[in-house]
file structure05.cif (mmCIF, C-alpha atoms)
data_work
#
loop_
_atom_site.label_atom_id
_atom_site.label_comp_id
_atom_site.auth_asym_id
_atom_site.auth_seq_id
_atom_site.Cartn_x
_atom_site.Cartn_y
_atom_site.Cartn_z
CA MET O 521 -15.37 -34.60 -89.05
CA ALA O 522 -12.37 -33.31 -87.15
CA PRO O 523 -10.91 -34.02 -83.73
CA ARG O 524 -11.82 -31.41 -81.15
CA THR O 525 -8.21 -31.52 -80.01
CA SER O 526 -7.33 -29.57 -83.16
CA SER O 527 -8.63 -26.53 -81.24
CA TRP O 528 -6.72 -27.33 -78.06
CA PRO O 529 -3.22 -28.69 -77.45
CA VAL O 530 -3.26 -32.47 -77.28
CA TRP O 531 -3.41 -34.00 -73.82
CA SER O 532 0.23 -35.05 -73.80
CA GLY O 533 1.19 -31.49 -74.74
CA ILE O 534 -0.80 -29.98 -71.88
CA LEU O 535 0.68 -32.50 -69.49
CA SER O 536 4.20 -31.55 -70.45
CA THR O 537 3.86 -27.79 -70.93
CA ASP O 538 1.39 -27.06 -68.11
CA LYS O 539 2.63 -29.61 -65.58
CA ASN O 540 3.18 -26.78 -63.09
CA ILE O 541 -0.57 -26.10 -62.90
CA LYS O 542 -1.33 -27.66 -59.54
CA SER O 543 -3.94 -25.23 -58.25
CA ALA O 544 -6.71 -22.85 -59.24
CA ASP O 545 -4.35 -19.88 -58.93
CA ASP O 546 -1.86 -21.53 -61.28
CA TRP O 547 -4.67 -22.00 -63.80
CA ILE O 548 -5.97 -18.44 -63.68
CA GLY O 549 -2.39 -17.21 -63.89
CA ALA O 550 -1.90 -19.22 -67.09
CA ARG O 551 -5.09 -17.73 -68.51
CA ARG O 552 -3.78 -14.22 -67.89
CA MET O 553 -0.66 -15.08 -69.86
CA GLU O 554 -2.47 -16.71 -72.80
CA ASP O 555 -5.85 -14.98 -73.25
CA GLY O 556 -4.54 -11.76 -74.83
CA ALA O 557 -6.49 -9.53 -72.46
CA ASP O 558 -3.52 -7.25 -71.65
CA GLU O 559 -4.46 -6.83 -67.96
CA LEU O 560 -8.00 -5.83 -68.98
CA TRP O 561 -11.16 -7.92 -69.42
CA ARG O 562 -11.69 -9.56 -72.80
CA ILE O 563 -15.16 -10.27 -74.24
CA HIS O 564 -15.07 -11.78 -77.74
CA ASP O 565 -12.49 -9.64 -79.55
CA GLY O 566 -12.93 -6.49 -77.48
CA LEU O 567 -10.89 -5.35 -74.47
CA TYR O 568 -12.68 -3.52 -71.67
CA ASP O 569 -11.45 -1.63 -68.61
CA LEU O 570 -13.79 -2.57 -65.76
CA GLU O 571 -11.57 -1.30 -62.95
CA GLN O 572 -14.01 1.46 -61.96
CA TRP O 573 -16.92 -1.00 -62.19
CA ILE O 574 -15.53 -3.65 -59.83
CA HIS O 575 -17.29 -2.43 -56.69
CA LYS O 576 -20.45 -1.46 -58.59
CA HIS O 577 -20.83 -4.83 -60.33
CA PRO O 578 -24.29 -6.26 -59.49
CA GLY O 579 -22.80 -9.76 -59.24
CA GLY O 580 -20.23 -8.67 -56.67
CA SER O 581 -16.64 -7.52 -56.85
CA GLN O 582 -14.97 -10.94 -56.57
CA TRP O 583 -15.95 -12.03 -60.09
CA LEU O 584 -14.16 -9.07 -61.67
CA GLU O 585 -11.20 -9.21 -59.30
CA ILE O 586 -10.56 -12.86 -60.14
CA THR O 587 -11.01 -12.52 -63.90
CA LYS O 588 -8.97 -9.38 -64.54
CA GLY O 589 -6.54 -10.03 -67.39
CA THR O 590 -8.52 -12.96 -68.85
CA ASP O 591 -11.02 -13.77 -71.58
CA ILE O 592 -14.46 -13.76 -69.90
CA THR O 593 -16.54 -14.26 -73.06
CA GLU O 594 -18.20 -17.52 -71.99
CA LEU O 595 -18.75 -16.28 -68.44
CA PHE O 596 -20.29 -13.04 -69.72
CA GLU O 597 -22.59 -14.80 -72.19
CA SER O 598 -23.82 -17.45 -69.75
CA SER O 599 -24.25 -15.07 -66.82
CA HIS O 600 -26.36 -12.48 -68.62
CA ILE O 601 -29.44 -14.25 -69.96
CA ASN O 602 -31.01 -11.02 -71.13
CA GLY O 603 -27.74 -9.86 -72.57
CA LYS O 604 -28.90 -6.74 -74.39
CA ALA O 605 -28.67 -4.47 -71.34
CA ALA O 606 -25.26 -5.80 -70.31
CA THR O 607 -23.92 -5.58 -73.86
CA ALA O 608 -25.14 -2.01 -74.23
CA MET O 609 -23.45 -1.02 -70.96
CA MET O 610 -20.12 -2.52 -72.06
CA HIS O 611 -19.66 0.13 -74.74
CA LYS O 612 -18.64 2.76 -72.20
CA PHE O 613 -15.87 0.50 -70.90
CA TYR O 614 -14.47 -0.37 -74.35
CA VAL O 615 -10.75 0.31 -74.82
CA ARG O 616 -9.71 -1.40 -78.07
CA ASN O 617 -9.79 -4.67 -79.96
CA ALA O 618 -7.51 -7.50 -78.87
CA LYS O 619 -4.31 -8.02 -80.83
CA SER O 620 -4.60 -11.82 -80.96
CA PRO O 621 -7.46 -14.21 -81.82
CA ARG O 622 -9.32 -15.95 -79.00
CA LYS O 623 -7.80 -19.18 -77.70
CA SER O 624 -11.22 -20.64 -76.98
CA PRO O 625 -12.81 -22.67 -79.81
CA PHE O 626 -16.36 -21.83 -78.73
CA THR O 627 -18.71 -19.48 -80.60
CA PHE O 628 -21.93 -17.64 -79.83
CA LYS O 629 -23.52 -17.07 -83.24
CA PRO O 630 -26.88 -15.25 -83.17
CA ASP O 631 -28.61 -18.18 -84.89
CA GLY O 632 -26.56 -20.81 -83.04
CA PHE O 633 -28.00 -23.23 -80.53
CA TYR O 634 -27.00 -21.34 -77.39
CA ASN O 635 -28.21 -17.88 -78.36
CA VAL O 636 -31.46 -19.28 -79.73
CA LEU O 637 -32.04 -21.17 -76.47
CA LYS O 638 -30.99 -18.19 -74.36
CA SER O 639 -33.44 -15.84 -76.06
CA ARG O 640 -36.27 -18.30 -75.47
CA VAL O 641 -35.28 -18.79 -71.85
CA ALA O 642 -35.13 -15.03 -71.29
CA LYS O 643 -38.67 -14.72 -72.65
CA LYS O 644 -39.85 -17.60 -70.45
CA LEU O 645 -38.35 -16.13 -67.29
CA SER O 646 -39.72 -12.65 -67.95
CA PHE O 647 -43.09 -13.91 -66.67
CA VAL O 648 -41.65 -15.56 -63.54
CA ASP O 649 -41.27 -14.13 -60.02
CA SER O 650 -37.72 -15.37 -59.43
CA ASN O 651 -37.62 -14.20 -55.80
CA SER O 652 -40.25 -16.71 -54.71
CA TYR O 653 -38.22 -19.52 -56.28
CA HIS O 654 -34.97 -18.25 -54.75
CA ILE O 655 -36.52 -18.59 -51.29
CA LYS O 656 -36.94 -22.32 -51.93
CA SER O 657 -33.24 -22.76 -52.60
CA MET O 658 -32.32 -20.79 -49.50
CA LEU O 659 -34.59 -22.93 -47.33
CA VAL O 660 -33.15 -26.14 -48.76
CA VAL O 661 -29.51 -25.25 -48.22
CA ASP O 662 -30.18 -23.76 -44.77
CA THR O 663 -32.02 -26.94 -43.74
CA TYR O 664 -29.13 -29.18 -44.78
CA PHE O 665 -26.54 -27.16 -42.87
CA LEU O 666 -28.66 -26.62 -39.76
CA PHE O 667 -29.24 -30.36 -39.66
CA ALA O 668 -25.52 -31.03 -40.14
CA LEU O 669 -24.54 -28.62 -37.35
CA ALA O 670 -27.15 -30.18 -35.06
CA LEU O 671 -25.59 -33.56 -35.78
CA CYS O 672 -22.19 -32.08 -34.85
CA VAL O 673 -23.63 -31.27 -31.45
CA GLY O 674 -24.78 -34.89 -31.22
CA VAL O 675 -21.29 -36.09 -32.08
CA ALA O 676 -19.83 -33.84 -29.38
CA ARG O 677 -22.14 -35.29 -26.74
CA THR O 678 -22.07 -38.97 -27.74
CA GLU O 679 -18.68 -39.35 -29.49
CA ASN O 680 -20.48 -41.77 -31.81
CA VAL O 681 -18.49 -42.52 -34.98
CA PHE O 682 -21.60 -43.47 -36.97
CA LEU O 683 -23.13 -40.09 -36.13
CA ALA O 684 -19.91 -38.47 -37.37
CA LEU O 685 -20.23 -40.40 -40.64
CA LEU O 686 -23.86 -39.25 -41.01
CA THR O 687 -22.78 -35.66 -40.32
CA GLY O 688 -20.25 -35.91 -43.14
CA ILE O 689 -22.88 -37.24 -45.54
CA ILE O 690 -25.36 -34.45 -44.71
CA LEU O 691 -22.59 -31.86 -45.01
CA ALA O 692 -21.74 -33.22 -48.46
CA LEU O 693 -25.36 -32.97 -49.62
CA GLY O 694 -25.55 -29.46 -48.21
CA THR O 695 -22.31 -28.49 -49.92
CA VAL O 696 -23.62 -29.68 -53.29
CA ALA O 697 -26.75 -27.59 -52.66
CA ALA O 698 -24.70 -24.59 -51.52
CA HIS O 699 -22.47 -24.79 -54.59
CA ASN O 700 -25.36 -23.18 -56.49
CA PHE O 701 -24.84 -20.03 -54.42
CA THR O 702 -21.19 -19.79 -55.51
CA HIS O 703 -22.46 -19.23 -59.06
CA LEU O 704 -24.70 -16.35 -58.03
CA LYS O 705 -23.89 -12.81 -57.01
CA ASP O 706 -21.80 -12.53 -53.85
CA ASN O 707 -23.84 -13.76 -50.89
CA TRP O 708 -23.17 -15.18 -47.42
CA ARG O 709 -24.63 -18.64 -48.19
CA MET O 710 -21.83 -19.36 -50.65
CA TYR O 711 -19.51 -19.56 -47.63
CA TYR O 712 -21.26 -22.72 -46.42
CA VAL O 713 -18.81 -24.65 -48.62
CA GLN O 714 -15.93 -23.41 -46.47
CA LEU O 715 -17.12 -25.63 -43.60
CA VAL O 716 -15.86 -28.70 -45.48
CA LEU O 717 -12.47 -27.04 -46.29
CA LEU O 718 -13.39 -25.79 -49.77
CA SER O 719 -12.52 -22.20 -50.69
CA VAL O 720 -15.14 -20.00 -52.37
CA ARG O 721 -12.51 -18.11 -54.33
CA GLU O 722 -10.66 -21.25 -55.40
CA TRP O 723 -13.93 -23.02 -56.24
CA ARG O 724 -15.07 -20.15 -58.41
CA ILE O 725 -11.89 -20.53 -60.43
CA SER O 726 -11.64 -24.32 -60.67
CA HIS O 727 -15.37 -24.98 -60.99
CA VAL O 728 -17.12 -21.93 -62.42
CA LEU O 729 -14.39 -20.50 -64.66
CA SER O 730 -12.62 -23.73 -65.63
CA HIS O 731 -15.00 -26.69 -65.39
CA HIS O 732 -18.23 -24.92 -66.36
CA ILE O 733 -16.71 -23.17 -69.36
CA TYR O 734 -14.27 -25.76 -70.72
CA THR O 735 -16.16 -28.88 -69.64
CA ASN O 736 -14.36 -32.19 -70.26
CA THR O 737 -11.45 -30.54 -72.07
CA VAL O 738 -7.81 -30.21 -71.09
CA GLN O 739 -8.69 -26.76 -69.71
CA ASP O 740 -11.12 -28.31 -67.20
CA LEU O 741 -9.31 -28.34 -63.87
CA GLU O 742 -11.69 -30.92 -62.47
CA MET O 743 -10.37 -33.23 -65.20
CA SER O 744 -6.68 -32.41 -65.09
CA LEU O 745 -5.79 -31.75 -61.45
CA LEU O 746 -6.35 -35.36 -60.39
CA HIS O 747 -4.20 -36.79 -63.19
CA PRO O 748 -2.74 -39.43 -63.15
CA PHE O 749 -4.72 -40.87 -60.23
CA ILE O 750 -7.99 -40.30 -62.12
CA HIS O 751 -7.60 -40.12 -65.90
CA TRP O 752 -10.79 -39.37 -67.83
CA PHE O 753 -9.34 -38.71 -71.28
CA PRO O 754 -9.51 -41.46 -73.95
CA THR O 755 -5.77 -41.97 -74.38
CA GLU O 756 -3.43 -44.95 -74.30
CA ASP O 757 -1.20 -43.51 -71.58
CA LYS O 758 -3.60 -44.20 -68.73
CA PRO O 759 -1.92 -45.79 -65.71
CA PHE O 760 -2.58 -49.54 -65.61
CA THR O 761 -3.97 -49.16 -62.09
CA VAL O 762 -6.75 -46.90 -63.42
CA ARG O 763 -7.46 -49.10 -66.44
CA LEU O 764 -7.49 -52.39 -64.56
CA PHE O 765 -8.99 -51.27 -61.26
CA PRO O 766 -11.29 -48.29 -61.98
CA TYR O 767 -13.59 -49.21 -59.11
CA LEU O 768 -10.70 -48.63 -56.68
CA THR O 769 -10.29 -44.96 -57.63
CA PRO O 770 -12.78 -43.82 -54.93
CA ILE O 771 -10.02 -44.65 -52.44
CA ILE O 772 -8.63 -41.15 -53.04
CA TYR O 773 -11.99 -39.34 -52.74
CA PRO O 774 -11.67 -38.66 -48.97
CA PHE O 775 -8.37 -36.85 -49.56
CA ILE O 776 -9.34 -34.61 -52.49
CA ILE O 777 -10.89 -31.66 -50.63
CA PRO O 778 -8.43 -31.77 -47.69
CA GLY O 779 -5.65 -31.99 -50.29
CA GLN O 780 -6.83 -28.74 -51.85
CA LEU O 781 -6.55 -27.04 -48.47
CA VAL O 782 -3.00 -28.38 -48.07
CA ILE O 783 -1.97 -27.07 -51.51
CA ARG O 784 -3.70 -23.75 -50.85
CA THR O 785 -1.89 -23.38 -47.53
CA PHE O 786 1.47 -24.47 -48.97
CA LYS O 787 1.15 -21.81 -51.69
CA CYS O 788 0.03 -19.19 -49.13
CA ASN O 789 -3.26 -18.63 -50.97
CA ASN O 790 -5.49 -18.78 -47.90
CA ASP O 791 -7.90 -15.96 -47.12
CA LYS O 792 -10.02 -14.95 -44.12
CA ALA O 793 -12.89 -17.18 -45.25
CA ASP O 794 -10.71 -20.23 -44.53
CA LEU O 795 -11.23 -19.57 -40.82
CA LEU O 796 -14.79 -20.90 -41.25
CA MET O 797 -13.38 -24.43 -41.41
CA PHE O 798 -12.94 -24.22 -37.63
CA VAL O 799 -16.70 -23.93 -37.01
CA ILE O 800 -17.13 -27.70 -36.79
CA PRO O 801 -14.21 -28.38 -34.41
CA ALA O 802 -15.42 -25.44 -32.30
CA ILE O 803 -18.85 -27.06 -31.97
CA LEU O 804 -17.20 -30.36 -31.05
CA MET O 805 -15.11 -28.60 -28.43
CA PHE O 806 -17.76 -26.46 -26.72
CA CYS O 807 -20.82 -28.72 -26.98
CA GLY O 808 -19.41 -31.79 -25.26
CA GLN O 809 -16.63 -33.20 -23.11
CA MET O 810 -14.38 -34.52 -25.87
CA THR O 811 -10.61 -34.58 -25.55
CA ILE O 812 -8.49 -32.71 -28.09
CA ILE O 813 -7.50 -35.99 -29.77
CA SER O 814 -11.14 -37.09 -29.97
CA ILE O 815 -12.12 -33.72 -31.47
CA ILE O 816 -9.43 -34.00 -34.14
CA VAL O 817 -10.39 -37.59 -34.98
CA ALA O 818 -14.10 -36.75 -35.18
CA TRP O 819 -13.35 -33.70 -37.34
CA PHE O 820 -11.24 -35.79 -39.70
CA VAL O 821 -14.00 -38.41 -39.96
CA ILE O 822 -16.60 -35.74 -40.76
CA VAL O 823 -14.44 -33.89 -43.29
CA MET O 824 -13.14 -36.98 -45.09
CA THR O 825 -16.62 -38.52 -45.26
CA SER O 826 -17.90 -35.27 -46.72
CA SER O 827 -15.06 -35.17 -49.25
CA PHE O 828 -15.81 -38.75 -50.31
CA MET O 829 -19.55 -38.16 -50.75
CA PHE O 830 -19.17 -34.78 -52.45
CA THR O 831 -16.64 -36.16 -54.93
CA PHE O 832 -18.64 -39.33 -55.58
CA ILE O 833 -21.82 -37.37 -56.30
CA GLY O 834 -19.92 -34.95 -58.53
CA PHE O 835 -18.19 -37.62 -60.61
CA SER O 836 -21.44 -39.57 -60.97
CA ALA O 837 -23.61 -36.57 -61.79
CA SER O 838 -23.48 -36.31 -65.57
CA HIS O 839 -20.16 -35.69 -67.30
CA HIS O 840 -18.21 -38.93 -67.34
CA PHE O 841 -20.48 -41.25 -69.25
CA PRO O 842 -18.49 -42.95 -72.05
CA ASP O 843 -20.76 -41.58 -74.78
CA ASN O 844 -20.09 -37.99 -73.68
CA PHE O 845 -17.45 -35.91 -75.40
CA HIS O 846 -14.08 -35.94 -73.66
CA ASP O 847 -11.11 -34.10 -75.11
CA GLY O 848 -9.58 -36.40 -77.72
CA ASP O 849 -12.95 -37.54 -79.12
CA TYR O 850 -14.17 -36.56 -82.58
CA VAL O 851 -17.16 -34.25 -83.05
CA ASN O 852 -18.93 -32.40 -85.85
CA ASP O 853 -17.53 -28.96 -86.63
CA GLU O 854 -20.85 -27.29 -85.77
CA CYS O 855 -20.52 -28.57 -82.19
CA ILE O 856 -18.13 -25.72 -81.57
CA ASP O 857 -21.19 -23.75 -80.41
CA TRP O 858 -20.67 -23.39 -76.67
CA GLY O 859 -24.18 -24.52 -75.82
CA ILE O 860 -23.84 -27.66 -77.94
CA HIS O 861 -20.54 -28.39 -76.25
CA GLN O 862 -22.25 -28.25 -72.86
CA THR O 863 -24.95 -30.62 -74.12
CA ILE O 864 -22.60 -33.25 -75.54
CA THR O 865 -20.47 -33.28 -72.38
CA SER O 866 -23.41 -34.08 -70.09
CA ALA O 867 -25.63 -37.14 -69.97
CA GLU O 868 -29.29 -36.45 -69.35
CA ARG O 869 -30.21 -38.00 -66.02
CA SER O 870 -33.73 -39.23 -65.33
CA GLU O 871 -34.91 -37.90 -61.99
CA PRO O 872 -37.11 -40.53 -60.25
CA ILE O 873 -38.29 -37.98 -57.70
CA ASN O 874 -38.97 -34.41 -58.76
CA ASN O 875 -38.05 -32.84 -55.43
CA ILE O 876 -35.80 -29.83 -54.98
CA PHE O 877 -34.25 -31.30 -51.78
CA LEU O 878 -32.96 -34.20 -53.90
CA THR O 879 -32.11 -32.53 -57.21
CA ILE O 880 -30.27 -29.52 -55.78
CA ALA O 881 -28.19 -31.77 -53.50
CA THR O 882 -27.20 -34.28 -56.21
CA PHE O 883 -26.32 -31.98 -59.13
CA GLY O 884 -29.69 -32.72 -60.74
CA ASP O 885 -30.86 -31.12 -64.03
CA HIS O 886 -27.16 -30.81 -64.69
CA THR O 887 -27.01 -29.87 -68.36
CA LEU O 888 -29.40 -26.96 -67.91
CA HIS O 889 -27.41 -25.87 -64.88
CA HIS O 890 -24.28 -25.80 -67.06
CA LEU O 891 -26.05 -23.82 -69.75
CA PHE O 892 -27.39 -21.26 -67.27
CA PRO O 893 -25.12 -21.47 -64.20
CA ALA O 894 -26.00 -18.01 -62.89
CA LEU O 895 -29.67 -18.97 -62.52
CA ASP O 896 -30.98 -20.07 -59.15
CA HIS O 897 -31.32 -23.84 -59.36
CA SER O 898 -34.97 -23.73 -58.33
CA LEU O 899 -35.74 -22.02 -61.67
CA ILE O 900 -34.11 -24.72 -63.79
CA PRO O 901 -37.14 -27.09 -63.95
CA LEU O 902 -39.16 -24.30 -65.55
CA LEU O 903 -36.84 -24.39 -68.57
CA LYS O 904 -37.02 -28.10 -69.40
CA GLU O 905 -39.73 -27.89 -72.03
CA THR O 906 -38.02 -24.97 -73.78
CA TYR O 907 -34.70 -26.80 -73.66
CA GLU O 908 -36.15 -30.05 -75.01
CA ASP O 909 -37.90 -28.27 -77.88
CA THR O 910 -34.72 -26.39 -78.83
CA CYS O 911 -32.61 -29.56 -78.67
CA LYS O 912 -35.10 -31.33 -80.91
CA GLU O 913 -34.93 -28.45 -83.37
CA PHE O 914 -31.12 -28.72 -83.49
CA GLY O 915 -31.10 -32.53 -83.61
CA LEU O 916 -29.54 -33.10 -80.19
CA ASP O 917 -30.15 -36.39 -78.37
CA LEU O 918 -31.67 -36.10 -74.91
CA THR O 919 -32.26 -39.76 -74.12
CA PRO O 920 -32.28 -39.89 -70.30
CA LYS O 921 -30.20 -42.36 -68.29
CA SER O 922 -30.63 -43.49 -64.71
CA PHE O 923 -28.30 -42.34 -61.94
CA THR O 924 -26.93 -45.87 -61.53
CA THR O 925 -26.23 -46.12 -65.27
CA ILE O 926 -24.28 -42.87 -65.22
CA MET O 927 -22.52 -43.89 -62.00
CA HIS O 928 -21.25 -47.13 -63.56
CA GLY O 929 -20.50 -45.19 -66.74
CA GLN O 930 -17.91 -43.01 -65.02
CA PHE O 931 -15.90 -46.11 -64.16
CA LYS O 932 -16.19 -47.34 -67.76
CA GLN O 933 -14.90 -43.97 -68.92
CA LEU O 934 -11.79 -44.48 -66.80
CA THR O 935 -10.99 -47.59 -68.84
CA ARG O 936 -11.83 -46.08 -72.25
CA VAL O 937 -8.72 -45.50 -74.39
CA THR O 938 -10.31 -45.28 -77.86
CA PRO O 939 -11.67 -41.87 -78.93
CA ASN O 940 -15.34 -41.78 -79.89
CA ASN O 941 -15.90 -41.10 -83.58
CA PRO O 942 -19.63 -40.58 -84.32
CA LYS O 943 -19.10 -40.41 -88.09
CA LYS O 944 -17.12 -43.66 -88.20
CA ASP O 945 -19.67 -45.39 -85.96
CA LYS O 946 -22.51 -44.25 -88.22
CA ILE O 947 -20.75 -45.50 -91.36
CA GLU O 948 -20.10 -48.90 -89.76
CA THR O 949 -23.73 -49.10 -88.66
CA ASP O 950 -24.94 -48.24 -92.16
CA ILE O 951 -22.68 -50.92 -93.65
CA LYS O 952 -24.06 -53.52 -91.25
CA LEU O 953 -27.61 -52.52 -92.14
CA ASP O 954 -26.82 -52.73 -95.86
CA ASN O 955 -25.31 -56.19 -95.40
CA ASN O 956 -28.41 -57.37 -93.58
CA ILE O 957 -30.76 -56.23 -96.34
#
call {"tool": "encode", "arguments": {"input": "structure05.cif", "output": "structure tokens"}}
result
Amino acid sequence: MAPRTSSWPVWSGILSTDKNIKSADDWIGARRMEDGADELWRIHDGLYDLEQWIHKHPGGSQWLEITKGTDITELFESSHINGKAATAMMHKFYVRNAKSPRKSPFTFKPDGFYNVLKSRVAKKLSFVDSNSYHIKSMLVVDTYFLFALALCVGVARTENVFLALLTGIILALGTVAAHNFTHLKDNWRMYYVQLVLLSVREWRISHVLSHHIYTNTVQDLEMSLLHPFIHWFPTEDKPFTVRLFPYLTPIIYPFIIPGQLVIRTFKCNNDKADLLMFVIPAILMFCGQMTIISIIVAWFVIVMTSSFMFTFIGFSASHHFPDNFHDGDYVNDECIDWGIHQTITSAERSEPINNIFLTIATFGDHTLHHLFPALDHSLIPLLKETYEDTCKEFGLDLTPKSFTTIMHGQFKQLTRVTPNNPKKDKIETDIKLDNNI
């Protein structure tokens, strides 16, 4: 057994050396300096020049524009389920091998968990009409946002604060649902998230490239950006306010998404899509008789409620259960397989209602979504049996937990300061069993 932190700098090191990383652009800039891609695109140990392919890329140009100069191995592997065609095409873009080894500790061995699962999933999906399933997701997300915008009209006409709160809640659910579209090829529905002050470009960096690839490690921006106010890592240096009063941490939830807009604006990283945030105040202005002050107050109530709900759902979705791996815990060496890492950083959540309106809006089926983020979420339930069989074959535990259990677990994780050590725990259990015999 060895600590996973042997593959990454320890948390205190990241905190001191990367303390200037305060935004998604800071993070991607650091990756360009450290990934050894030499202003090209790195996949495994090869460097590729995709400059001429940017505007021909089936997934859209933004993915390649953002990732130029970085290691995109994990993104490439998880985005191309039937990877043979994509791998074959890459040969014509090959420039040379990288001069330095990869910084990432994750592997994709042909007989490893992830590639075995991916080949089985590719075979399963080859018999599925994905377009019919994609329509379901589009209908779900459109319904949420049409309902939310209709509620905005109601707020404009009644100036009812409770209606504004409900609007924020529906917007949050719709934003969770719409987040699925930020993982897919460029499409207009991904811009729904801009209505609540998120940025598609920034989200693709902080969520897709950072959180989805380096889940629960020091390279996960959704873990590190909120430090020290929210401290997930099992270390002794947690602020006493977090350790003693974990259930008070939601106080900052309403300010997280607006805070990202402030940082983005301060660093002059806004783009044209940020103008979409004015859709809601425009509705409030033109659909009622509200004063400017009333419009601003109602907008703040809607946005901050949405930020609270979105953050609460995200933190309670899967990752921050105390038994999950968090950087600083100990794991078996074979868990360096990227797919296994995704599995041990997510708790399986039992879904009481198998309904796409609920699962897609609450980060349901979360582990499978992490393993295959570029798949439309409506296809994920089709993969459960294949996933469960493969996990059983590789000895991975999939014991489901209720949403409330995971929700309370995230607060317990905030107080955890002792790293998990599965080998030590097993030895102690065996000793107790021997003593009882």
call {"tool": "closest_residue", "arguments": {"input": "structure05.cif", "among": "O:Asp662, O:Ala550, O:Ser652, O:Leu560", "to": "Val615 (chain O)", "atoms": "all atoms listed in the file"}}
result
O:Leu560
call {"tool": "residues_near_point", "arguments": {"input": "structure05.cif", "point": "(-32.9, -16.0, -73.6)", "cutoff": "12 Å", "atoms": "only C-alpha atoms", "output": "number ranges by chain"}}
result
O: 597-604, 630, 633-646, 891-892, 895, 903, 906-907, 910
call {"tool": "residues_around", "arguments": {"input": "structure05.cif", "residues": "Ile783 (chain O)", "least_positions_apart": "2", "cutoff": "12 Å", "atoms": "only C-alpha atoms", "output": "list in words"}}
result
Ile541, Lys542, Ser543, Ala544, Asp545, Asp546, Leu717, Leu718, Ser719, Glu722, Leu745, Phe775, Ile776, Ile777, Pro778, Gly779, Gln780, Leu781, Thr785, Phe786, Lys787, Cys788, Asn789 and Asn790 of chain O
call {"tool": "closest_atom_pairs", "arguments": {"input": "structure05.cif", "of": "region 704-772 of chain O", "to": "region 685-691 of chain O", "cutoff": "10 Å", "atoms": "all atoms listed in the file", "output": "Markdown table"}}
result
| residue | atom | partner | partner_atom | distance |
| --- | --- | --- | --- | --- |
| O:Tyr712 | CA | O:Leu691 | CA | 9.3 |
| O:Val713 | CA | O:Leu691 | CA | 8.9 |
| O:Leu715 | CA | O:Leu691 | CA | 8.4 |
| O:Val716 | CA | O:Leu691 | CA | 7.4 |
call {"tool": "resolve_selection", "arguments": {"input": "structure05.cif", "expression": "the PyMOL selection byres ((chain O and resi 845) around 8)", "output": "ChimeraX atom specification"}}
result
/O:736,842-844,846-847,849-851,864-865,940
call {"tool": "closest_residue", "arguments": {"input": "structure05.cif", "among": "O:His731, O:Thr607, O:His886, O:Gln862", "to": "Ser744 (chain O)", "atoms": "only C-alpha atoms"}}
result
O:His731
call {"tool": "atom_distance", "arguments": {"input": "structure05.cif", "atom1": "CA of Gly848 (chain O)", "atom2": "CA of Gln739 (chain O)"}}
result
12.6 Å
call {"tool": "atom_distance", "arguments": {"input": "structure05.cif", "atom1": "CA of Thr769 (chain O)", "atom2": "CA of Leu934 (chain O)"}}
result
9.3 Å
